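Structure file target-v6.cif; described as mmCIF, C-alpha atoms.
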data_work
#
loop_
_atom_site.label_atom_id
_atom_site.label_comp_id
_atom_site.auth_asym_id
_atom_site.auth_seq_id
_atom_site.Cartn_x
_atom_site.Cartn_y
_atom_site.Cartn_z
CA MET A 1 96.84 -39.81 -65.27
CA ALA A 2 94.39 -37.03 -65.97
CA CYS A 3 94.75 -35.02 -69.13
CA MET A 4 93.83 -31.93 -67.08
CA ASP A 5 96.28 -29.06 -67.34
CA GLN A 6 97.65 -28.29 -63.88
CA LEU A 7 96.93 -24.59 -64.29
CA VAL A 8 93.29 -25.38 -64.98
CA ALA A 9 93.17 -27.68 -61.97
CA GLN A 10 94.67 -24.94 -59.79
CA LYS A 11 92.11 -22.46 -61.10
CA LEU A 12 89.28 -24.83 -60.18
CA GLU A 13 90.77 -25.40 -56.75
CA GLY A 14 90.95 -21.64 -56.29
CA VAL A 15 87.21 -21.41 -56.96
CA VAL A 16 85.83 -24.30 -54.89
CA GLY A 17 88.76 -25.32 -52.67
CA ALA A 18 91.17 -28.20 -53.15
CA ASP A 19 88.93 -30.57 -51.16
CA ASN A 20 86.21 -30.13 -53.80
CA VAL A 21 88.36 -30.98 -56.82
CA ALA A 22 89.37 -34.58 -57.55
CA LEU A 23 91.57 -35.56 -60.51
CA ASP A 24 91.31 -38.94 -62.23
CA GLU A 25 88.12 -39.58 -60.29
CA PRO A 26 86.51 -42.99 -61.04
CA MET A 27 82.96 -42.36 -62.24
CA SER A 28 81.96 -45.78 -60.94
CA ARG A 29 81.79 -44.04 -57.55
CA HIS A 30 79.26 -41.52 -58.82
CA THR A 31 76.80 -43.46 -61.00
CA THR A 32 74.08 -45.82 -59.85
CA PHE A 33 75.24 -48.41 -62.44
CA ARG A 34 78.54 -48.49 -60.49
CA VAL A 35 80.56 -48.53 -63.70
CA GLY A 36 82.60 -45.94 -65.58
CA GLY A 37 86.22 -44.90 -65.97
CA PRO A 38 87.94 -41.81 -64.58
CA ALA A 39 87.01 -38.21 -65.25
CA ASP A 40 89.89 -35.79 -65.74
CA ALA A 41 88.43 -33.62 -62.99
CA PHE A 42 85.45 -33.96 -60.67
CA VAL A 43 84.33 -30.64 -59.14
CA THR A 44 81.72 -29.99 -56.48
CA PRO A 45 80.63 -26.33 -56.26
CA GLY A 46 78.78 -25.18 -53.18
CA SER A 47 76.82 -22.26 -54.59
CA VAL A 48 75.50 -20.76 -57.80
CA GLU A 49 78.36 -18.28 -57.76
CA GLU A 50 80.94 -21.05 -57.48
CA LEU A 51 79.20 -22.96 -60.26
CA GLN A 52 79.31 -19.91 -62.53
CA ALA A 53 83.01 -19.41 -61.77
CA VAL A 54 83.77 -23.09 -62.48
CA LEU A 55 81.93 -22.95 -65.80
CA ASP A 56 83.73 -19.73 -66.72
CA ALA A 57 87.11 -21.33 -65.96
CA CYS A 58 86.22 -24.35 -68.08
CA ARG A 59 85.05 -22.20 -70.98
CA THR A 60 88.24 -20.16 -70.86
CA ALA A 61 90.37 -23.32 -70.86
CA GLY A 62 88.30 -25.06 -73.54
CA GLU A 63 87.43 -27.92 -71.19
CA ARG A 64 84.28 -29.92 -71.85
CA VAL A 65 81.80 -29.90 -68.97
CA TYR A 66 79.50 -32.71 -67.87
CA VAL A 67 76.85 -31.75 -65.31
CA LEU A 68 75.94 -34.55 -62.90
CA GLY A 69 73.31 -34.95 -60.23
CA CYS A 70 73.45 -38.30 -58.45
CA GLY A 71 74.32 -40.23 -61.61
CA SER A 72 71.09 -42.23 -61.71
CA ASN A 73 70.47 -41.81 -65.43
CA VAL A 74 74.01 -41.92 -66.84
CA LEU A 75 76.26 -44.59 -68.33
CA VAL A 76 79.93 -43.52 -68.43
CA SER A 77 82.33 -45.37 -70.72
CA ASP A 78 85.09 -47.54 -69.30
CA GLU A 79 87.62 -45.10 -70.77
CA GLY A 80 86.15 -42.30 -68.68
CA LEU A 81 85.61 -38.66 -69.53
CA ARG A 82 87.96 -36.08 -70.95
CA GLY A 83 86.88 -32.88 -69.30
CA VAL A 84 85.31 -31.68 -66.06
CA VAL A 85 82.39 -33.32 -64.28
CA VAL A 86 80.51 -30.74 -62.23
CA ARG A 87 78.48 -32.34 -59.46
CA ILE A 88 75.37 -30.50 -58.35
CA GLY A 89 74.54 -32.43 -55.23
CA PRO A 90 74.12 -32.14 -51.46
CA LYS A 91 75.91 -28.78 -51.28
CA MET A 92 73.20 -27.27 -53.49
CA ALA A 93 70.16 -29.11 -52.16
CA ASP A 94 68.07 -26.71 -50.05
CA VAL A 95 64.30 -27.26 -49.98
CA ASP A 96 62.19 -24.20 -49.12
CA ILE A 97 58.60 -24.96 -48.05
CA ARG A 98 56.44 -21.83 -48.24
CA PRO A 99 53.12 -21.02 -46.52
CA ASP A 100 51.17 -20.89 -49.78
CA GLY A 101 51.93 -24.54 -50.60
CA SER A 102 54.72 -23.74 -53.01
CA VAL A 103 58.11 -25.38 -52.75
CA VAL A 104 61.40 -24.18 -54.19
CA ALA A 105 64.06 -26.88 -54.31
CA GLN A 106 67.66 -26.45 -55.39
CA ALA A 107 68.71 -28.71 -58.23
CA GLY A 108 70.87 -30.98 -56.05
CA ALA A 109 67.98 -31.98 -53.77
CA MET A 110 67.03 -35.62 -54.08
CA ASN A 111 63.45 -36.27 -55.14
CA SER A 112 63.03 -38.43 -52.03
CA LYS A 113 64.14 -35.56 -49.77
CA ILE A 114 61.62 -33.18 -51.37
CA ALA A 115 58.83 -35.73 -51.03
CA ARG A 116 59.62 -36.25 -47.33
CA ALA A 117 59.73 -32.50 -46.68
CA ALA A 118 56.42 -32.00 -48.47
CA GLN A 119 54.81 -34.84 -46.54
CA ALA A 120 55.98 -33.43 -43.22
CA ALA A 121 54.47 -30.07 -44.18
CA GLY A 122 51.16 -31.65 -45.19
CA LEU A 123 51.64 -30.93 -48.89
CA ALA A 124 50.53 -33.47 -51.47
CA GLY A 125 51.25 -33.94 -55.15
CA PHE A 126 54.87 -35.04 -55.14
CA GLU A 127 54.32 -38.58 -53.84
CA PHE A 128 54.89 -40.09 -57.28
CA ALA A 129 58.51 -38.88 -57.21
CA ALA A 130 59.41 -40.18 -53.75
CA GLY A 131 61.01 -43.30 -55.17
CA ILE A 132 62.48 -41.84 -58.36
CA PRO A 133 66.25 -42.06 -57.93
CA GLY A 134 67.92 -38.79 -58.71
CA THR A 135 67.79 -35.07 -58.07
CA ILE A 136 65.11 -32.53 -58.90
CA GLY A 137 67.51 -30.95 -61.41
CA GLY A 138 67.70 -34.15 -63.40
CA ALA A 139 63.96 -34.66 -62.98
CA ALA A 140 63.36 -31.24 -64.52
CA ILE A 141 65.62 -31.92 -67.50
CA MET A 142 63.92 -35.26 -68.19
CA ASN A 143 60.39 -34.48 -66.93
CA ALA A 144 60.75 -37.51 -64.68
CA GLY A 145 57.62 -39.45 -63.89
CA ALA A 146 56.25 -42.61 -62.31
CA TYR A 147 52.93 -44.17 -61.36
CA GLY A 148 50.85 -41.73 -63.35
CA GLY A 149 52.60 -38.56 -62.22
CA GLU A 150 55.15 -36.36 -63.96
CA LEU A 151 57.17 -33.37 -62.83
CA ARG A 152 55.25 -31.09 -65.19
CA ASP A 153 52.08 -31.86 -63.21
CA VAL A 154 53.38 -29.89 -60.23
CA ALA A 155 56.25 -27.69 -61.48
CA THR A 156 55.52 -24.01 -62.07
CA GLY A 157 58.96 -22.85 -63.19
CA VAL A 158 62.70 -23.36 -63.20
CA THR A 159 65.76 -21.21 -62.68
CA CYS A 160 68.66 -22.11 -64.96
CA LEU A 161 72.06 -21.13 -66.22
CA ALA A 162 72.30 -20.63 -69.96
CA GLU A 163 75.39 -21.79 -71.84
CA GLY A 164 77.00 -18.36 -71.49
CA GLY A 165 76.51 -18.37 -67.72
CA ASP A 166 73.51 -16.02 -67.56
CA LEU A 167 70.66 -16.70 -65.14
CA VAL A 168 67.38 -17.57 -66.88
CA GLU A 169 63.92 -17.85 -65.32
CA LEU A 170 61.50 -20.10 -67.20
CA THR A 171 57.78 -20.62 -66.70
CA ALA A 172 56.31 -24.11 -66.95
CA GLU A 173 55.07 -23.24 -70.43
CA GLN A 174 58.54 -22.12 -71.51
CA ALA A 175 60.07 -25.30 -70.07
CA ASP A 176 58.08 -27.18 -72.75
CA TRP A 177 57.87 -30.40 -70.78
CA SER A 178 56.77 -33.54 -72.56
CA TYR A 179 57.58 -37.22 -72.15
CA ARG A 180 61.23 -37.39 -70.97
CA HIS A 181 61.90 -34.02 -72.61
CA SER A 182 62.33 -30.35 -71.77
CA MET A 183 63.46 -27.15 -73.41
CA MET A 184 66.35 -27.04 -70.92
CA GLY A 185 67.66 -30.34 -72.20
CA ASP A 186 67.43 -29.14 -75.78
CA ALA A 187 69.19 -25.85 -75.02
CA GLY A 188 71.91 -27.26 -72.78
CA TYR A 189 70.72 -25.23 -69.78
CA ILE A 190 71.80 -26.17 -66.26
CA VAL A 191 68.89 -26.30 -63.84
CA LEU A 192 69.58 -24.48 -60.56
CA SER A 193 66.21 -24.76 -58.84
CA VAL A 194 62.65 -25.86 -59.47
CA ALA A 195 59.43 -24.29 -58.17
CA LEU A 196 56.55 -26.63 -57.35
CA GLN A 197 52.93 -25.96 -56.43
CA LEU A 198 51.48 -28.61 -54.12
CA HIS A 199 48.21 -28.81 -52.21
CA ALA A 200 47.30 -29.34 -48.58
CA ASP A 201 46.43 -32.81 -47.32
CA ASP A 202 46.67 -34.91 -44.19
CA PRO A 203 50.33 -35.90 -43.62
CA ALA A 204 49.26 -39.41 -42.64
CA ALA A 205 47.32 -39.84 -45.88
CA ILE A 206 50.30 -38.58 -47.89
CA GLN A 207 52.61 -41.01 -46.07
CA GLU A 208 50.22 -43.87 -46.73
CA ARG A 209 50.32 -43.17 -50.47
CA MET A 210 54.11 -42.93 -50.41
CA ASP A 211 54.35 -46.23 -48.52
CA ASP A 212 52.04 -47.89 -51.04
CA LEU A 213 54.17 -46.73 -53.96
CA SER A 214 57.30 -47.88 -52.14
CA ARG A 215 55.82 -51.35 -51.63
CA ARG A 216 54.87 -51.55 -55.30
CA ARG A 217 58.39 -50.56 -56.37
CA ASN A 218 60.00 -53.11 -54.08
CA GLU A 219 57.72 -55.86 -55.32
CA LYS A 220 58.25 -55.17 -59.04
CA GLN A 221 61.67 -53.55 -59.46
CA PRO A 222 65.18 -54.94 -58.87
CA LEU A 223 66.12 -52.28 -56.34
CA ASP A 224 68.75 -54.53 -54.75
CA LEU A 225 71.03 -54.35 -57.80
CA PRO A 226 72.88 -51.37 -59.34
CA SER A 227 71.09 -49.95 -62.37
CA ALA A 228 70.00 -46.68 -63.93
CA GLY A 229 66.36 -47.39 -63.31
CA SER A 230 64.13 -47.91 -66.31
CA THR A 231 66.59 -48.34 -69.18
CA PHE A 232 64.36 -47.55 -72.14
CA LYS A 233 61.77 -44.91 -72.88
CA ARG A 234 58.20 -46.11 -73.28
CA PRO A 235 57.44 -46.51 -77.00
CA GLU A 236 54.13 -45.02 -78.02
CA GLY A 237 51.43 -47.66 -77.70
CA HIS A 238 53.71 -50.18 -75.99
CA PHE A 239 55.47 -51.03 -72.75
CA ALA A 240 59.21 -51.56 -73.05
CA GLY A 241 59.31 -54.38 -70.51
CA LYS A 242 56.60 -56.35 -72.32
CA LEU A 243 58.34 -55.93 -75.67
CA ILE A 244 61.61 -57.16 -74.14
CA GLN A 245 59.88 -60.17 -72.59
CA ASP A 246 58.15 -61.03 -75.86
CA ALA A 247 61.49 -60.85 -77.66
CA GLY A 248 62.88 -63.47 -75.28
CA MET A 249 65.48 -61.11 -73.81
CA GLN A 250 64.55 -61.18 -70.12
CA GLY A 251 67.53 -62.66 -68.32
CA HIS A 252 69.86 -61.99 -71.27
CA THR A 253 73.37 -61.63 -69.83
CA VAL A 254 76.65 -60.23 -71.09
CA GLY A 255 79.57 -60.32 -68.65
CA GLY A 256 78.36 -58.78 -65.41
CA VAL A 257 75.20 -57.22 -66.87
CA GLN A 258 71.74 -58.72 -67.19
CA VAL A 259 68.25 -57.83 -68.30
CA SER A 260 66.57 -58.12 -64.92
CA THR A 261 64.68 -61.33 -64.28
CA LYS A 262 62.40 -59.31 -61.97
CA HIS A 263 61.52 -56.50 -64.40
CA ALA A 264 62.57 -56.69 -68.05
CA GLY A 265 62.65 -52.91 -68.35
CA PHE A 266 65.72 -52.77 -66.11
CA VAL A 267 69.30 -53.56 -67.07
CA VAL A 268 71.24 -54.42 -63.91
CA ASN A 269 74.80 -54.86 -62.74
CA ILE A 270 75.03 -58.39 -61.32
CA GLY A 271 78.72 -58.09 -60.46
CA ASP A 272 81.98 -56.97 -62.10
CA ALA A 273 80.08 -55.21 -64.86
CA THR A 274 81.69 -52.88 -67.36
CA ALA A 275 80.13 -50.05 -69.30
CA ALA A 276 80.87 -52.05 -72.46
CA ASP A 277 78.76 -54.90 -71.05
CA VAL A 278 75.88 -52.51 -70.37
CA LEU A 279 76.06 -51.01 -73.83
CA GLN A 280 76.16 -54.46 -75.44
CA VAL A 281 73.06 -55.58 -73.55
CA ILE A 282 71.24 -52.41 -74.56
CA GLN A 283 72.18 -52.99 -78.21
CA ASP A 284 71.20 -56.66 -78.06
CA VAL A 285 67.80 -55.80 -76.59
CA ARG A 286 67.13 -53.09 -79.17
CA GLU A 287 68.00 -55.42 -82.04
CA ALA A 288 65.87 -58.27 -80.67
CA VAL A 289 62.82 -56.05 -80.12
CA MET A 290 63.17 -54.58 -83.59
CA ARG A 291 63.31 -58.07 -85.11
CA GLN A 292 60.40 -59.38 -83.07
CA ALA A 293 58.04 -56.39 -82.97
CA GLY A 294 59.37 -53.83 -85.41
CA VAL A 295 59.59 -51.28 -82.60
CA GLU A 296 62.68 -49.16 -82.01
CA LEU A 297 63.49 -48.84 -78.32
CA GLU A 298 65.18 -45.58 -77.36
CA PRO A 299 67.47 -45.67 -74.33
CA GLU A 300 66.42 -43.44 -71.46
CA VAL A 301 69.89 -43.59 -69.94
CA ARG A 302 72.38 -40.99 -71.17
CA LEU A 303 75.66 -42.17 -72.67
CA TRP A 304 78.80 -40.23 -71.71
CA GLY A 305 82.26 -40.78 -73.11
CA PHE A 306 81.25 -43.01 -76.01
CA GLY A 307 82.28 -42.11 -79.53
CA SER A 308 78.72 -41.68 -80.79
CA GLU A 309 77.35 -39.66 -77.85
#
Just give me the structure of the file as structure tokens.
Amino acid sequence: MACMDQLVAQKLEGVVGADNVALDEPMSRHTTFRVGGPADAFVTPGSVEELQAVLDACRTAGERVYVLGCGSNVLVSDEGLRGVVVRIGPKMADVDIRPDGSVVAQAGAMNSKIARAAQAAGLAGFEFAAGIPGTIGGAAIMNAGAYGGELRDVATGVTCLAEGGDLVELTAEQADWSYRHSMMGDAGYIVLSVALQLHADDPAAIQERMDDLSRRRNEKQPLDLPSAGSTFKRPEGHFAGKLIQDAGMQGHTVGGVQVSTKHAGFVVNIGDATAADVLQVIQDVREAVMRQAGVELEPEVRLWGFGSE
């Protein structure tokens, strides 16, 4: 049973509607690893105003809040989460293409959706993100990147909620993007929307580049198995996958979790996995790489509900 006080649950239902509040919700349904125990409450606001009201209710009740996009970079413990998971997803996912080549996307918009919209409008620059699993909100927090591109290459600003619930507009400079880092992540801000500046190009040429990147992903990455994408950050001067291979850990398996035999940088769910299995594989890999190469691998995936988070 959820630890959620019924009065708090009723307050949340009053804000977003009963259909948008689930108690004891298994997080395995909402993470790309397909593992994770139940959250006390899982809430899906449909607007910024609803989001602000949900956060205010949680602050008043002393409930911890976890903000989730599509769960592509999160590992939730088997015990679940004590508090409220707030999903910023399809209900807050508008993509506004403007005549000057700028794009404003709400935080719940999938990167793939934005890339398709830009391509259809003949706007280039976001192709690198077409295959990055996740939302633009998560991409902004982590400065997501792939195939030589990063969000900071095209983002001009973000609109956020500060911890107290105030709206904050940040320029790209203020966002302080660097490798898998942003000021918003440091400050605990919730990204509401991201502004991008793209450039005109032939839609067919843009599609060709997106198709090429898609082929390369399918050839090299284990996209047929649940995972959180690239599991480890790239250590300076190294490639995580190569370090893991050299340490003899490719194919290493614990329970239902394995270091992918297709790409050593991915930890994958091969069936009946638990979060404990995933965490054990991550720890085993880190220890082996440290022994073999003296390099400390830092997980890219975020750990929720574990004692040391």
Query raised in the report: Restricting the calculation to only C-alpha atoms, which member of A:Met183, A:Ile244, A:Ala61, A:Ala146 is positioned closest to A:Val295?
Result: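 Under the stated criterion, the closest residue is A:Ile244.
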Query raised in the report: Which polymer residues have any atom within 7 Å of an atom of A:Gly134, counting all atoms listed in the file, with same-chain residues fewer than 2 positions away left out, as a list of chain:residue names?
Result: A:Gly69, A:Cys70, A:Ser72, A:Met110, A:Asn111, A:Ile132, A:Ile136, A:Gly138
Could you save those same residues with C-alpha atoms as a tab-separated table (two decimals), in the coordinates of the input?
chain	number	residue	atom	x	y	z
A	69	GLY	CA	73.31	-34.95	-60.23
A	70	CYS	CA	73.45	-38.30	-58.45
A	72	SER	CA	71.09	-42.23	-61.71
A	110	MET	CA	67.03	-35.62	-54.08
A	111	ASN	CA	63.45	-36.27	-55.14
A	132	ILE	CA	62.48	-41.84	-58.36
A	136	ILE	CA	65.11	-32.53	-58.90
A	138	GLY	CA	67.70	-34.15	-63.40
**Report entry** Contact residues around A:Ile114 with all atoms listed in the file at 12 Å, ignoring same-chain residues under 4 positions, as an NGL selection string
**Finding:** :A and (93-97 or 102-110 or 118-121 or 123-137 or 139 or 194-196 or 198)
Requested in this report: Tell me which of A:Ile88, A:Ala276, A:Ala228, A:Leu68 sits closest to A:Ser193, counting only C-alpha atoms.
Outcome: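 The shortest atom-to-atom distance to A:Ser193 comes from A:Ile88.
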Query raised in the report: Selected by the PyMOL selection byres ((chain A and resi 18-26) around 9) in the shown coordinates: which residues, as a list in words?
Result: Met1, Ala2, Cys3, Met4, Ala9, Gln10, Leu12, Glu13, Gly14, Val15, Val16, Gly17, Met27, Ser28, Arg29, His30, Val35, Gly36, Gly37, Pro38, Ala39, Asp40, Ala41, Phe42, Val43, Thr44, Pro45, Gly46 and Gly80 of chain A
**Report entry** Residue nearest A:Leu81 - candidates A:Asp201, A:Asp153, A:Glu300, A:Glu63, atoms counted: only C-alpha atoms
**Finding:**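 Selected residue with least distance to A:Leu81: A:Glu63.
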Report task. Might you pull out every residue within 9 Å of A:Ala140, with only C-alpha atoms counted and same-chain residues fewer than 6 positions away left off, and present them as number ranges by chain? Result -> A: 107, 151-152, 155, 158, 175, 177, 181-182, 184-185, 191, 194
Report task. Give the answer as one residue: which of A:Met92, A:Met290, A:Leu213, A:Val65 has the shortest atom-to-atom distance to A:Ser47, using all atoms listed in the file? Result ->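 Closest to A:Ser47, using all atoms listed in the file: A:Met92.
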Report task. Rank nothing, just name the residue among A:Arg302, A:Asp78, A:Pro226, A:Phe33 nearest to A:Ile141, using all atoms listed in the file. Result -> A:Arg302
**Report entry** Pairwise distance for atom CA of A:Ala204 and atom CA of A:Arg216, rounded to one decimal in Å
**Finding:**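 Taking atom CA of A:Ala204 as the start and atom CA of A:Arg216 as the end point, the length is 18.4 Å.
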Name the residues that the PyMOL selection byres ((chain A and resi 277) around 7) pulls out of this structure, and write them as a PDB file with C-alpha atoms, in the frame of the given file.
ATOM      1  CA  VAL A 254      76.650 -60.230 -71.090  1.00  0.00           C
ATOM      2  CA  GLY A 255      79.570 -60.320 -68.650  1.00  0.00           C
ATOM      3  CA  GLY A 256      78.360 -58.780 -65.410  1.00  0.00           C
ATOM      4  CA  VAL A 257      75.200 -57.220 -66.870  1.00  0.00           C
ATOM      5  CA  ALA A 273      80.080 -55.210 -64.860  1.00  0.00           C
ATOM      6  CA  THR A 274      81.690 -52.880 -67.360  1.00  0.00           C
ATOM      7  CA  ALA A 275      80.130 -50.050 -69.300  1.00  0.00           C
ATOM      8  CA  ALA A 276      80.870 -52.050 -72.460  1.00  0.00           C
ATOM      9  CA  VAL A 278      75.880 -52.510 -70.370  1.00  0.00           C
ATOM     10  CA  LEU A 279      76.060 -51.010 -73.830  1.00  0.00           C
ATOM     11  CA  GLN A 280      76.160 -54.460 -75.440  1.00  0.00           C
ATOM     12  CA  VAL A 281      73.060 -55.580 -73.550  1.00  0.00           C
TER      13      VAL A 281
END
Query raised in the report: So what does the PyMOL selection byres ((chain A and resi 165) around 12) actually pick up in this one, as JSON, numbers by chain?
Result: {"A": [48, 49, 50, 51, 52, 53, 54, 55, 56, 57, 58, 59, 160, 161, 162, 163, 164, 166, 167, 168, 188, 189, 190, 191, 192]}
Taking all atoms of stretch 252-257 of chain A that appear in the file, build a box with edges along x, y and z, extend it by 6 Å on every side, and state its centre and edge lengths in Å to one decimal, as JSON.
{"center_x": 74.7, "center_y": -59.6, "center_z": -68.3, "size_x": 21.7, "size_y": 16.8, "size_z": 17.9}
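Shell of A:Val259 at 8 Å, with all atoms listed in the file counted and residues fewer than 5 places along the chain excluded, is Met249, Gln250, Gly251, His252, Thr253, Ala264, Gly265, Phe266, Val267, Val268 and Val281 of chain A.
Atom CA of A:Gln258 is found 9.7 Å from atom CA of A:Gly271.
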Requested in this report: Give the answer as one residue: which of A:Ala144, A:Met210, A:Val74, A:Val67 has the shortest atom-to-atom distance to A:Arg87, using all atoms listed in the file?
Outcome: A:Val67
Report task. Figure out the distance between atom CA of A:Gly294 and atom CA of A:His263, please, to one decimal in Å. Result ->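 So the answer is 21.3 Å.
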Can you spit out stretch 4-68 of chain A with C-alpha atoms, as a PDB file, in the first residue's frame, from the structure just given?
ATOM      1  CA  MET A   4       0.530   8.576   0.748  1.00  0.00           C
ATOM      2  CA  ASP A   5      -1.845  10.353   3.109  1.00  0.00           C
ATOM      3  CA  GLN A   6      -5.357  10.188   1.677  1.00  0.00           C
ATOM      4  CA  LEU A   7      -5.857  13.919   2.174  1.00  0.00           C
ATOM      5  CA  VAL A   8      -2.770  14.606   0.081  1.00  0.00           C
ATOM      6  CA  ALA A   9      -3.983  12.204  -2.589  1.00  0.00           C
ATOM      7  CA  GLN A  10      -7.367  13.950  -2.643  1.00  0.00           C
ATOM      8  CA  LYS A  11      -5.652  17.320  -2.956  1.00  0.00           C
ATOM      9  CA  LEU A  12      -3.657  16.085  -5.945  1.00  0.00           C
ATOM     10  CA  GLU A  13      -6.780  14.639  -7.531  1.00  0.00           C
ATOM     11  CA  GLY A  14      -8.475  18.001  -7.044  1.00  0.00           C
ATOM     12  CA  VAL A  15      -5.683  19.667  -9.016  1.00  0.00           C
ATOM     13  CA  VAL A  16      -5.237  17.285 -11.973  1.00  0.00           C
ATOM     14  CA  GLY A  17      -8.304  15.028 -11.796  1.00  0.00           C
ATOM     15  CA  ALA A  18      -8.562  11.527 -10.377  1.00  0.00           C
ATOM     16  CA  ASP A  19      -7.682   9.962 -13.744  1.00  0.00           C
ATOM     17  CA  ASN A  20      -4.266  11.643 -13.576  1.00  0.00           C
ATOM     18  CA  VAL A  21      -3.293  10.386 -10.119  1.00  0.00           C
ATOM     19  CA  ALA A  22      -2.239   6.768  -9.585  1.00  0.00           C
ATOM     20  CA  LEU A  23      -1.297   5.366  -6.169  1.00  0.00           C
ATOM     21  CA  ASP A  24       1.188   2.523  -5.723  1.00  0.00           C
ATOM     22  CA  GLU A  25       2.132   2.910  -9.374  1.00  0.00           C
ATOM     23  CA  PRO A  26       4.835   0.434 -10.544  1.00  0.00           C
ATOM     24  CA  MET A  27       7.734   2.455 -11.933  1.00  0.00           C
ATOM     25  CA  SER A  28       8.650  -0.468 -14.169  1.00  0.00           C
ATOM     26  CA  ARG A  29       5.846   0.841 -16.407  1.00  0.00           C
ATOM     27  CA  HIS A  30       7.499   4.232 -16.719  1.00  0.00           C
ATOM     28  CA  THR A  31      11.236   3.580 -17.144  1.00  0.00           C
ATOM     29  CA  THR A  32      12.998   2.281 -20.227  1.00  0.00           C
ATOM     30  CA  PHE A  33      14.898  -0.252 -18.071  1.00  0.00           C
ATOM     31  CA  ARG A  34      11.453  -1.760 -17.285  1.00  0.00           C
ATOM     32  CA  VAL A  35      12.369  -2.196 -13.625  1.00  0.00           C
ATOM     33  CA  GLY A  36      11.466  -0.365 -10.425  1.00  0.00           C
ATOM     34  CA  GLY A  37       9.047  -0.700  -7.536  1.00  0.00           C
ATOM     35  CA  PRO A  38       5.939   1.373  -6.818  1.00  0.00           C
ATOM     36  CA  ALA A  39       5.789   5.112  -6.295  1.00  0.00           C
ATOM     37  CA  ASP A  40       3.448   6.334  -3.566  1.00  0.00           C
ATOM     38  CA  ALA A  41       1.782   8.582  -6.122  1.00  0.00           C
ATOM     39  CA  PHE A  42       2.224   9.127  -9.851  1.00  0.00           C
ATOM     40  CA  VAL A  43       0.781  12.434 -11.078  1.00  0.00           C
ATOM     41  CA  THR A  44       0.423  13.720 -14.628  1.00  0.00           C
ATOM     42  CA  PRO A  45      -0.260  17.475 -14.836  1.00  0.00           C
ATOM     43  CA  GLY A  46      -1.569  18.895 -18.080  1.00  0.00           C
ATOM     44  CA  SER A  47      -0.315  22.467 -17.836  1.00  0.00           C
ATOM     45  CA  VAL A  48       2.227  24.676 -16.126  1.00  0.00           C
ATOM     46  CA  GLU A  49      -0.481  25.913 -13.785  1.00  0.00           C
ATOM     47  CA  GLU A  50      -1.399  22.369 -12.770  1.00  0.00           C
ATOM     48  CA  LEU A  51       2.269  21.543 -12.293  1.00  0.00           C
ATOM     49  CA  GLN A  52       2.721  24.559 -10.013  1.00  0.00           C
ATOM     50  CA  ALA A  53      -0.353  23.567  -7.995  1.00  0.00           C
ATOM     51  CA  VAL A  54       0.884  19.968  -7.655  1.00  0.00           C
ATOM     52  CA  LEU A  55       4.299  21.133  -6.466  1.00  0.00           C
ATOM     53  CA  ASP A  56       2.683  23.538  -4.006  1.00  0.00           C
ATOM     54  CA  ALA A  57       0.521  20.732  -2.590  1.00  0.00           C
ATOM     55  CA  CYS A  58       3.571  18.497  -2.221  1.00  0.00           C
ATOM     56  CA  ARG A  59       5.591  21.223  -0.513  1.00  0.00           C
ATOM     57  CA  THR A  60       2.760  21.912   1.916  1.00  0.00           C
ATOM     58  CA  ALA A  61       2.449  18.209   2.750  1.00  0.00           C
ATOM     59  CA  GLY A  62       6.206  17.650   2.975  1.00  0.00           C
ATOM     60  CA  GLU A  63       6.127  15.082   0.170  1.00  0.00           C
ATOM     61  CA  ARG A  64       9.283  14.471  -1.830  1.00  0.00           C
ATOM     62  CA  VAL A  65       8.903  15.100  -5.562  1.00  0.00           C
ATOM     63  CA  TYR A  66      10.581  13.234  -8.412  1.00  0.00           C
ATOM     64  CA  VAL A  67      10.211  14.831 -11.849  1.00  0.00           C
ATOM     65  CA  LEU A  68      10.089  12.328 -14.706  1.00  0.00           C
TER      66      LEU A  68
END
